[in-house]
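Structure data follow from upload_29.txt (compact mmCIF, C-alpha atoms):
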```txt
# COMPACT_ATOMS: atom_id res chain seq x y z
CA PRO A 1 118.97 -148.86 -61.70
CA ASP A 2 119.97 -145.35 -60.77
CA SER A 3 122.05 -143.10 -63.01
CA ASP A 4 125.28 -143.81 -61.16
CA ALA A 5 125.01 -147.54 -61.73
CA GLU A 6 124.14 -147.04 -65.38
CA SER A 7 127.04 -144.71 -66.07
CA SER A 8 129.59 -147.08 -64.61
CA SER A 9 128.24 -150.25 -66.19
CA VAL A 10 129.73 -149.29 -69.55
CA ALA A 11 133.06 -150.39 -68.15
CA GLU A 12 132.73 -154.09 -68.76
CA SER A 13 132.44 -153.70 -72.53
CA SER A 14 135.82 -151.97 -72.86
CA SER A 15 138.25 -154.39 -74.47
CA VAL A 16 141.02 -152.06 -75.62
CA ALA A 17 143.54 -150.53 -73.26
CA GLU A 18 146.86 -148.83 -73.79
CA SER A 19 149.13 -151.53 -72.36
CA SER A 20 152.34 -150.21 -70.89
CA SER A 21 155.45 -151.88 -72.28
CA VAL A 22 157.44 -150.87 -69.22
CA ALA A 23 156.64 -153.44 -66.61
CA ASP A 24 155.77 -152.82 -63.02
CA SER A 25 158.11 -155.05 -61.06
CA SER A 26 156.89 -154.28 -57.56
CA SER A 27 158.72 -156.76 -55.39
CA GLU A 28 155.89 -157.13 -52.94
CA ALA A 29 153.61 -158.34 -55.69
CA GLU A 30 156.11 -160.65 -57.36
CA LEU A 31 155.25 -164.32 -57.08
CA PRO A 32 158.37 -166.50 -57.20
CA PHE A 33 158.49 -169.14 -59.91
CA VAL A 34 159.39 -172.60 -58.68
CA PRO A 35 160.14 -174.69 -61.77
CA ASP A 36 158.15 -177.84 -62.30
CA SER A 37 159.48 -180.63 -64.45
CA GLU A 38 158.14 -179.13 -67.68
CA ALA A 39 159.37 -175.59 -67.07
CA ASP A 40 162.71 -176.83 -65.76
CA SER A 41 163.84 -178.02 -69.15
CA SER A 42 162.58 -175.08 -71.16
CA SER A 43 162.95 -171.90 -69.17
CA VAL A 44 165.35 -172.25 -66.25
CA ALA A 45 168.98 -171.76 -67.12
CA ASP A 46 171.60 -174.32 -66.17
CA SER A 47 173.86 -172.40 -63.81
CA SER A 48 176.89 -174.38 -64.97
CA SER A 49 176.54 -172.91 -68.45
CA VAL A 50 177.36 -169.47 -67.09
CA ALA A 51 180.80 -170.58 -66.03
CA ASP A 52 181.33 -172.54 -69.24
CA SER A 53 180.38 -169.56 -71.40
CA SER A 54 182.66 -167.28 -69.42
CA SER A 55 185.65 -169.55 -69.89
CA GLU A 56 185.00 -169.67 -73.63
CA ALA A 57 184.89 -165.90 -73.69
CA ASP A 58 188.26 -165.67 -71.93
CA SER A 59 190.00 -168.10 -74.26
CA SER A 60 188.49 -166.45 -77.31
CA SER A 61 189.67 -163.06 -76.12
CA GLU A 62 193.22 -164.29 -75.65
CA ALA A 63 193.27 -165.85 -79.09
CA ASP A 64 192.06 -162.66 -80.73
CA ASP A 65 194.53 -160.23 -79.13
CA SER A 66 196.12 -159.66 -82.54
CA SER A 67 192.83 -158.61 -84.14
CA SER A 68 190.99 -155.36 -83.43
CA THR A 69 187.97 -156.27 -85.59
CA VAL A 70 186.55 -159.01 -83.36
CA ASP A 71 184.20 -158.07 -80.54
CA PRO A 72 185.81 -159.40 -77.35
CA VAL A 73 182.39 -159.93 -75.74
CA VAL A 74 181.04 -163.32 -76.79
CA VAL A 75 178.82 -164.36 -73.90
CA ALA A 76 175.19 -164.32 -74.98
CA PRO A 77 172.51 -163.14 -72.54
CA GLU A 78 170.98 -166.05 -70.67
CA MET A 79 167.65 -166.45 -68.90
CA LEU A 80 168.17 -167.48 -65.30
CA SER A 81 164.56 -167.55 -64.13
CA PHE A 82 161.08 -166.25 -64.76
CA SER A 83 158.38 -165.34 -62.28
CA PHE A 84 154.84 -164.11 -61.97
CA THR A 85 154.01 -160.45 -61.27
CA LEU A 86 150.76 -158.92 -60.06
CA GLY A 87 152.05 -155.40 -59.54
CA GLY A 88 150.50 -152.76 -61.76
CA GLN A 89 149.83 -155.36 -64.39
CA ILE A 90 149.57 -159.08 -64.94
CA GLY A 91 152.75 -160.37 -66.48
CA VAL A 92 155.84 -162.55 -66.46
CA ASN A 93 159.18 -161.28 -65.13
CA CYS A 94 162.08 -162.70 -67.16
CA ASP A 95 165.50 -162.40 -65.49
CA TYR A 96 168.62 -162.47 -67.68
CA GLU A 97 172.32 -162.49 -66.98
CA ILE A 98 173.88 -160.00 -69.41
CA ALA A 99 177.57 -159.18 -69.83
CA ASP A 100 178.56 -155.83 -68.27
CA GLU A 101 180.08 -154.73 -71.58
CA TYR A 102 176.67 -154.89 -73.21
CA VAL A 103 174.85 -153.25 -70.31
CA ASN A 104 177.27 -150.34 -69.88
CA GLY A 105 178.81 -150.12 -73.35
CA ASN A 106 177.56 -148.51 -76.53
CA TYR A 107 174.96 -151.20 -77.17
CA THR A 108 171.18 -151.44 -77.20
CA VAL A 109 169.67 -154.36 -75.27
CA LYS A 110 166.04 -155.37 -75.71
CA ALA A 111 163.83 -158.31 -74.87
CA VAL A 112 161.53 -159.41 -77.67
CA PHE A 113 158.43 -161.45 -76.86
CA THR A 114 156.47 -163.02 -79.71
CA ASN A 115 153.22 -164.94 -79.95
CA GLY A 116 152.09 -165.50 -83.51
CA ASP A 117 151.70 -162.08 -85.12
CA GLU A 118 152.04 -160.26 -81.79
CA THR A 119 155.44 -158.80 -80.88
CA ILE A 120 156.16 -156.95 -77.63
CA THR A 121 159.53 -155.24 -77.18
CA VAL A 122 160.84 -154.22 -73.76
CA ASP A 123 163.97 -152.06 -73.46
CA LEU A 124 166.62 -152.78 -70.86
CA ASP A 125 166.13 -150.76 -67.69
CA LYS A 126 169.40 -150.95 -65.78
CA SER A 127 167.61 -150.11 -62.54
CA GLN A 128 165.48 -153.26 -62.79
CA THR A 129 167.74 -155.92 -61.32
CA THR A 130 167.37 -158.95 -59.11
CA THR A 131 169.63 -161.68 -57.77
CA VAL A 132 169.26 -165.28 -58.92
CA SER A 133 171.47 -167.83 -57.12
CA GLY A 134 173.99 -165.12 -56.31
CA THR A 135 174.11 -163.74 -59.86
CA THR A 136 172.89 -160.25 -60.79
CA ALA A 137 170.15 -160.48 -63.39
CA TYR A 138 168.35 -157.81 -65.38
CA ARG A 139 164.57 -157.99 -65.40
CA PHE A 140 162.31 -157.62 -68.41
CA THR A 141 158.57 -157.94 -67.80
CA LEU A 142 156.15 -159.23 -70.40
CA PRO A 143 152.73 -157.59 -69.91
CA VAL A 144 149.98 -160.12 -70.59
CA ALA A 145 146.35 -159.22 -71.26
CA SER A 146 143.91 -160.95 -68.94
CA CYS A 147 142.41 -162.81 -71.90
CA ASN A 148 145.82 -164.13 -73.03
CA MET A 149 147.11 -165.75 -69.85
CA THR A 150 147.20 -169.21 -71.43
CA GLU A 151 149.16 -167.99 -74.46
CA LEU A 152 152.77 -169.18 -74.85
CA TYR A 153 155.30 -166.46 -75.70
CA THR A 154 158.80 -166.90 -77.10
CA ALA A 155 161.32 -164.73 -75.23
CA VAL A 156 164.71 -163.65 -76.54
CA VAL A 157 167.12 -160.85 -75.59
CA VAL A 158 168.81 -159.14 -78.52
CA VAL A 159 171.94 -156.94 -78.38
CA THR A 160 172.67 -154.48 -81.20
CA ASP A 161 175.57 -152.09 -81.72
CA ALA A 162 175.50 -148.34 -82.30
CA ASN A 163 174.74 -148.90 -85.99
CA GLY A 164 171.77 -151.12 -85.27
CA ASN A 165 173.56 -154.32 -86.27
CA GLU A 166 172.80 -157.39 -84.20
CA VAL A 167 175.78 -158.49 -82.11
CA VAL A 168 174.37 -161.41 -80.18
CA ARG A 169 171.09 -162.85 -78.93
CA SER A 170 170.06 -165.22 -76.20
CA ASP A 171 168.59 -168.64 -76.74
CA GLU A 172 164.83 -168.67 -77.17
CA ASP A 173 162.76 -169.58 -74.11
CA SER A 174 159.03 -170.18 -73.76
CA VAL A 175 157.13 -168.36 -71.01
CA SER A 176 153.50 -167.92 -70.05
CA VAL A 177 151.40 -166.86 -67.11
CA ASN A 178 149.88 -170.32 -67.23
CA LYS A 179 153.25 -171.94 -66.47
CA CYS A 180 153.63 -169.74 -63.42
CA MET A 181 150.11 -170.55 -62.28
CA ARG A 182 150.83 -174.26 -62.58
CA SER A 183 153.93 -173.90 -60.45
CA LEU A 184 152.00 -171.83 -57.91
CA THR A 185 149.37 -174.55 -57.70
CA ASN A 186 152.02 -177.20 -57.05
CA SER A 187 154.24 -175.37 -54.57
CA GLY A 188 152.52 -172.22 -53.29
CA GLY A 189 150.60 -173.77 -50.41
CA ASP A 190 146.88 -173.35 -49.86
CA LEU A 191 146.89 -169.59 -50.49
CA GLY A 192 149.02 -169.99 -53.60
CA LYS A 193 146.70 -172.66 -54.95
CA ALA A 194 143.68 -170.45 -54.21
CA LEU A 195 145.29 -167.54 -56.08
CA ALA A 196 146.18 -169.71 -59.07
CA ASN A 197 142.61 -171.03 -59.27
CA ALA A 198 141.13 -167.53 -58.96
CA LEU A 199 143.44 -166.10 -61.61
CA ARG A 200 142.79 -169.05 -63.89
CA THR A 201 139.05 -168.45 -63.52
CA TYR A 202 139.47 -164.73 -64.21
CA GLY A 203 141.51 -165.51 -67.32
CA TYR A 204 138.92 -168.04 -68.48
CA TYR A 205 136.02 -165.59 -68.40
CA SER A 206 138.16 -162.76 -69.77
CA GLN A 207 139.13 -164.93 -72.71
CA MET A 208 135.49 -165.90 -73.20
CA LYS A 209 134.56 -162.22 -73.49
CA PHE A 210 137.49 -160.57 -75.26
CA ASN A 211 139.39 -163.31 -77.10
CA THR A 212 136.62 -165.24 -78.80
CA ASP A 213 138.88 -166.59 -81.58
CA ALA A 214 141.03 -168.62 -79.19
CA THR A 215 140.20 -172.06 -77.87
CA LEU A 216 139.14 -171.91 -74.25
CA PRO A 217 141.49 -173.69 -71.85
CA THR A 218 140.46 -177.03 -70.40
CA THR A 219 139.96 -175.78 -66.88
CA SER A 220 137.16 -175.92 -64.34
CA PRO A 221 136.33 -172.35 -63.26
CA LEU A 222 135.63 -171.67 -59.61
CA ASP A 223 132.07 -171.58 -58.33
CA LEU A 224 131.15 -167.88 -58.32
CA SER A 225 127.70 -168.15 -56.74
CA ASP A 226 128.93 -166.71 -53.44
CA VAL A 227 129.73 -163.34 -55.06
CA THR A 228 126.47 -161.40 -54.87
CA LEU A 229 125.32 -157.79 -54.86
CA VAL A 230 125.47 -157.83 -51.08
CA THR A 231 129.15 -158.87 -51.26
CA VAL A 232 130.10 -155.62 -53.02
CA LYS A 233 127.39 -153.26 -51.74
CA ASP A 234 129.97 -151.00 -50.07
CA TYR A 235 131.68 -150.26 -53.40
CA LYS A 236 128.85 -148.42 -55.16
CA LYS A 237 129.97 -145.46 -57.25
CA THR A 238 129.15 -142.08 -55.68
CA THR A 239 129.28 -138.51 -56.95
CA THR A 240 129.86 -135.35 -54.90
CA THR A 241 128.51 -132.26 -56.64
CA PHE A 242 130.88 -129.34 -57.21
CA SER A 243 129.01 -126.04 -57.32
CA SER A 244 130.46 -123.65 -59.87
CA ASP A 245 129.42 -121.93 -63.08
CA ASP A 246 132.77 -122.87 -64.62
CA LYS A 247 132.93 -126.63 -64.64
CA VAL A 248 132.97 -129.55 -67.06
CA THR A 249 130.35 -132.27 -67.13
CA MET A 250 131.58 -135.67 -66.01
CA GLY A 251 130.74 -138.54 -68.34
CA GLU A 252 130.88 -142.27 -67.77
CA THR A 253 133.49 -144.00 -65.64
CA ALA A 254 134.93 -147.15 -67.21
CA LEU A 255 137.05 -150.07 -66.05
CA LEU A 256 139.49 -151.44 -68.61
CA LEU A 257 140.73 -154.98 -68.14
CA GLU A 258 143.90 -155.72 -70.07
CA SER A 259 147.40 -156.47 -68.75
CA GLU A 260 146.77 -153.42 -66.56
CA THR A 261 143.60 -152.64 -64.64
CA ILE A 262 142.70 -149.05 -65.52
CA ILE A 263 139.95 -146.68 -64.40
CA ARG A 264 139.04 -144.14 -67.06
CA TYR A 265 137.07 -140.95 -66.34
CA TYR A 266 135.38 -139.23 -69.30
CA ILE A 267 134.34 -135.60 -69.79
CA SER A 268 131.06 -135.48 -71.70
CA ASP A 269 131.01 -131.69 -72.11
CA LEU A 270 133.73 -129.06 -71.58
CA ASN A 271 131.07 -126.34 -71.28
CA GLY A 272 133.34 -123.76 -72.89
CA LEU A 273 136.44 -124.60 -70.85
CA SER A 274 139.72 -125.53 -72.53
CA ALA A 275 141.10 -129.06 -72.17
CA GLU A 276 144.65 -127.76 -72.65
CA GLY A 277 146.61 -128.27 -69.47
CA MET A 278 143.66 -129.91 -67.72
CA THR A 279 144.44 -132.85 -65.43
CA LEU A 280 142.68 -135.41 -63.27
CA SER A 281 143.45 -135.28 -59.56
CA TYR A 282 142.76 -138.41 -57.52
CA THR A 283 143.13 -139.78 -54.01
CA SER A 284 142.79 -143.43 -53.04
CA VAL A 285 141.13 -144.69 -49.87
CA ASN A 286 144.58 -145.34 -48.36
CA GLY A 287 145.70 -141.75 -48.96
CA THR A 288 147.72 -142.23 -52.14
CA THR A 289 147.42 -139.19 -54.41
CA GLY A 290 148.22 -138.61 -58.05
CA THR A 291 147.44 -136.72 -61.23
CA ALA A 292 146.84 -137.78 -64.81
CA GLU A 293 146.87 -135.78 -68.02
CA VAL A 294 143.73 -135.32 -70.07
CA LYS A 295 143.71 -137.00 -73.49
CA TYR A 296 141.22 -137.18 -76.34
CA SER A 297 139.46 -140.33 -77.54
CA GLU A 298 138.71 -140.29 -81.25
CA GLU A 299 136.50 -143.33 -80.82
CA LYS A 300 134.36 -141.76 -78.11
CA GLY A 301 134.70 -138.17 -79.23
CA MET A 302 135.37 -137.18 -75.61
CA TYR A 303 138.25 -136.13 -73.40
CA TYR A 304 139.32 -138.48 -70.62
CA ALA A 305 142.01 -139.25 -68.05
CA GLU A 306 143.08 -142.52 -66.47
CA ILE A 307 144.28 -144.02 -63.22
CA THR A 308 146.65 -146.75 -64.38
CA ASN A 309 148.71 -149.58 -62.88
CA ILE A 310 146.08 -150.67 -60.37
CA GLY A 311 147.63 -153.77 -58.84
CA ALA A 312 145.86 -156.96 -57.82
CA THR A 313 145.89 -155.96 -54.16
CA GLN A 314 144.43 -152.52 -55.03
CA LEU A 315 141.29 -153.84 -56.72
CA SER A 316 139.31 -153.12 -53.55
CA ASP A 317 140.61 -149.53 -53.34
CA MET A 318 138.19 -146.69 -54.02
CA PHE A 319 139.51 -143.59 -55.81
CA THR A 320 137.98 -140.12 -55.55
CA ALA A 321 138.79 -138.10 -58.66
CA TYR A 322 137.93 -134.76 -60.23
CA PHE A 323 139.27 -132.62 -63.07
CA VAL A 324 141.49 -129.60 -62.46
CA SER A 325 142.22 -126.57 -64.64
CA ASN A 326 144.70 -123.82 -63.74
CA GLY A 327 145.05 -125.29 -60.28
CA ALA A 328 141.33 -125.22 -59.48
CA GLN A 329 138.71 -127.98 -59.37
CA VAL A 330 136.37 -127.85 -62.38
CA SER A 331 134.17 -130.94 -62.05
CA ASP A 332 132.15 -133.04 -59.66
CA ALA A 333 134.15 -135.58 -57.65
CA VAL A 334 133.50 -139.23 -58.51
CA THR A 335 134.39 -142.07 -56.13
CA PHE A 336 134.90 -145.34 -57.98
CA GLY A 337 136.98 -148.51 -57.84
CA ALA A 338 137.34 -151.83 -59.62
CA TYR A 339 134.74 -153.39 -57.34
CA SER A 340 132.36 -150.55 -58.22
CA HIS A 341 132.32 -152.10 -61.66
CA VAL A 342 131.47 -155.46 -60.09
CA PHE A 343 128.61 -153.85 -58.14
CA SER A 344 127.27 -152.09 -61.22
CA THR A 345 127.43 -155.24 -63.35
CA LEU A 346 125.70 -157.41 -60.77
CA ARG A 347 123.04 -154.75 -60.27
CA THR A 348 122.17 -153.95 -63.89
CA GLY A 349 123.97 -156.49 -66.06
CA THR A 350 122.08 -159.02 -68.16
CA ASN A 351 124.92 -160.70 -70.07
CA GLU A 352 126.05 -163.88 -68.32
CA ASN A 353 129.65 -163.54 -69.53
CA ASP A 354 129.87 -159.99 -68.18
CA ILE A 355 128.49 -161.06 -64.83
CA ASN A 356 130.84 -164.04 -64.54
CA LEU A 357 133.84 -161.89 -65.49
CA ALA A 358 132.94 -159.30 -62.85
CA LYS A 359 132.57 -161.99 -60.18
CA ALA A 360 135.86 -163.60 -61.23
CA LEU A 361 137.62 -160.23 -60.96
CA TYR A 362 136.40 -159.95 -57.37
CA LYS A 363 137.55 -163.48 -56.52
CA TYR A 364 140.96 -162.75 -58.05
CA GLY A 365 141.38 -159.55 -56.02
CA VAL A 366 140.50 -161.28 -52.75
CA ALA A 367 142.82 -164.23 -53.44
CA ALA A 368 145.72 -161.94 -54.39
CA THR A 369 145.31 -159.90 -51.22
CA ASP A 370 145.20 -163.06 -49.09
CA TYR A 371 148.36 -164.42 -50.74
CA ILE A 372 150.45 -161.25 -50.94
CA GLY A 373 149.15 -159.68 -47.74
```
Could you spell out this file's structure in structure tokens?
Amino acid sequence: PDSDAESSSVAESSSVAESSSVADSSSEAELPFVPDSEADSSSVADSSSVADSSSEADSSSEADDSSSTVDPVVVAPEMLSFSFTLGGQIGVNCDYEIADEYVNGNYTVKAVFTNGDETITVDLDKSQTTTVSGTTAYRFTLPVASCNMTELYTAVVVVTDANGNEVVRSDEDSVSVNKCMRSLTNSGGDLGKALANALRTYGYYSQMKFNTDATLPTTSPLDLSDVTLVTVKDYKKTTTTFSSDDKVTMGETALLLESETIIRYYISDLNGLSAEGMTLSYTSVNGTTGTAEVKYSEEKGMYYAEITNIGATQLSDMFTAYFVSNGAQVSDAVTFGAYSHVFSTLRTGTNENDINLAKALYKYGVAATDYIG
């Protein structure tokens, strides 16, 4: 193994990532949920109940004209559909019909997702809307770690007033990535079935590595023997030296696999430079550019910056990144992508779980690209 391969192989052991609670709802990566018989009864709203609830609200409002202490809005938020997203993160989009008075009035609207001791809260973003059977719905996305795709989450939308008092809440619904995968298997055609199987395999090996306390799902992972070092040989990490007396020393480059896929670049030595105001500048193979702020890791004792929200169809993208201070480059440039991690693991890895997870990540990326296009 050369030094490049060694420095990037650290990635597979990273199990903690800062998961974004604000979901990426990229429409091109959204996989529509087609309810099967099980999901139909638990998570897809009966459209007739919308009309029924509205009529109750009208009659209640008329009856309460003489009272100024009763909130005239009585229609609870209602889930109309849920779907699968592979945008910047793996997750479940939950679409709710919510009364305009709650959306535009002096209320706070949040979706609360629970699974045992885990609680994830997502604030209403009025710009995140979709249309379900002609009805405007507001979208809340549950980010799901790759090792938790079989976990069942309880979803509820809660409305509180300006004083923090609960006004109304939706019925509880059960959602999971696994439900969406099952629907995709049944109704997504050959490419949809291939994606569901690849994602299920990725989740299986991710759970085996990161979520050892949970019972593994009863699934048959895909055969991964066709993913070899030759398959990913074009994704080897490379470094372009920057010649300057004033530059930081680049450390390891890590891939974090949670609900988001994240590439993290470390600085092993500032060499007398200040980290204040320092950023990471990066360009992807397709020309997309961006910057990221430098943060400090107490665990590692090093500064770092991240490229976040790498979608399923971007797993094959290579990113060239370097650190910048006062508008000038101050580090070598490192070219790395998610498949660079696969290459490094297959080249130097000895742990079977790590190798299988890396291969499954590759299979998932290929299947997602084939399905989404």
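Between atom CA of Asp161 of chain A and atom CA of Ala76 of chain A the interatomic distance comes to 14.0 Å.
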Could you pull the residues within 10 Å of Tyr102 of chain A, counting all atoms listed in the file, minus those fewer than 6 positions along the same chain, as a list of chain:residue names?
->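 Close residues of Tyr102 of chain A: A:Val73, A:Val75, A:Ala76, A:Pro77, A:Thr108, A:Val109, A:Val159, A:Thr160, A:Asp161, A:Val167, A:Val168.
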Residues from the last selection, C-alpha atoms, saved as a short mmCIF file (atom, residue, chain, number, x, y, z; two decimals), keeping the file's coordinate frame:
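Saved to again.cif:
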```cif
data_model
loop_
_atom_site.label_atom_id
_atom_site.label_comp_id
_atom_site.auth_asym_id
_atom_site.auth_seq_id
_atom_site.Cartn_x
_atom_site.Cartn_y
_atom_site.Cartn_z
CA VAL A 73 182.39 -159.93 -75.74
CA VAL A 75 178.82 -164.36 -73.90
CA ALA A 76 175.19 -164.32 -74.98
CA PRO A 77 172.51 -163.14 -72.54
CA THR A 108 171.18 -151.44 -77.20
CA VAL A 109 169.67 -154.36 -75.27
CA VAL A 159 171.94 -156.94 -78.38
CA THR A 160 172.67 -154.48 -81.20
CA ASP A 161 175.57 -152.09 -81.72
CA VAL A 167 175.78 -158.49 -82.11
CA VAL A 168 174.37 -161.41 -80.18
#
```
Quick one: residues within 6 Å of segment 192-197 of chain A, all atoms listed in the file counted, chain neighbours fewer than 5 positions away excluded, as a list of chain:residue names?
->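 Skipping anything fewer than 5 positions along the chain leaves A:Met181, A:Leu184, A:Thr185, A:Ala367, A:Ala368.
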Give me, as a short mmCIF file (atom, residue, chain, number, x, y, z; two decimals) with C-alpha atoms, keeping the file's coordinate frame, all polymer residues having an atom no more than 10 Å from Thr228 of chain A, counting only C-alpha atoms and skipping those fewer than 2 positions away in the same chain.
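part27.cif, freshly written:
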```cif
data_model
loop_
_atom_site.label_atom_id
_atom_site.label_comp_id
_atom_site.auth_asym_id
_atom_site.auth_seq_id
_atom_site.Cartn_x
_atom_site.Cartn_y
_atom_site.Cartn_z
CA LEU A 224 131.15 -167.88 -58.32
CA SER A 225 127.70 -168.15 -56.74
CA ASP A 226 128.93 -166.71 -53.44
CA VAL A 230 125.47 -157.83 -51.08
CA THR A 231 129.15 -158.87 -51.26
CA VAL A 232 130.10 -155.62 -53.02
CA LYS A 233 127.39 -153.26 -51.74
CA VAL A 342 131.47 -155.46 -60.09
CA PHE A 343 128.61 -153.85 -58.14
CA LEU A 346 125.70 -157.41 -60.77
CA ARG A 347 123.04 -154.75 -60.27
CA LYS A 359 132.57 -161.99 -60.18
#
```
Enclose all atoms of segment 191-210 of chain A listed in the file in an axis-aligned box, grow every side by 6 Å, and hand back centre and edge lengths in Å to one decimal, as lines of an AutoDock Vina configuration file.
```
center_x = 141.8
center_y = -166.6
center_z = -62.9
size_x = 26.5
size_y = 24.1
size_z = 36.8
```
If you measure from atom CA of Tyr364 of chain A to atom CA of Leu315 of chain A, what distance in Å do you get, rounded to one decimal?
-> 9.0 Å
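One distance worth recording is that between atom CA of Ala338 of chain A and atom CA of Thr369 of chain A, which is 14.1 Å.
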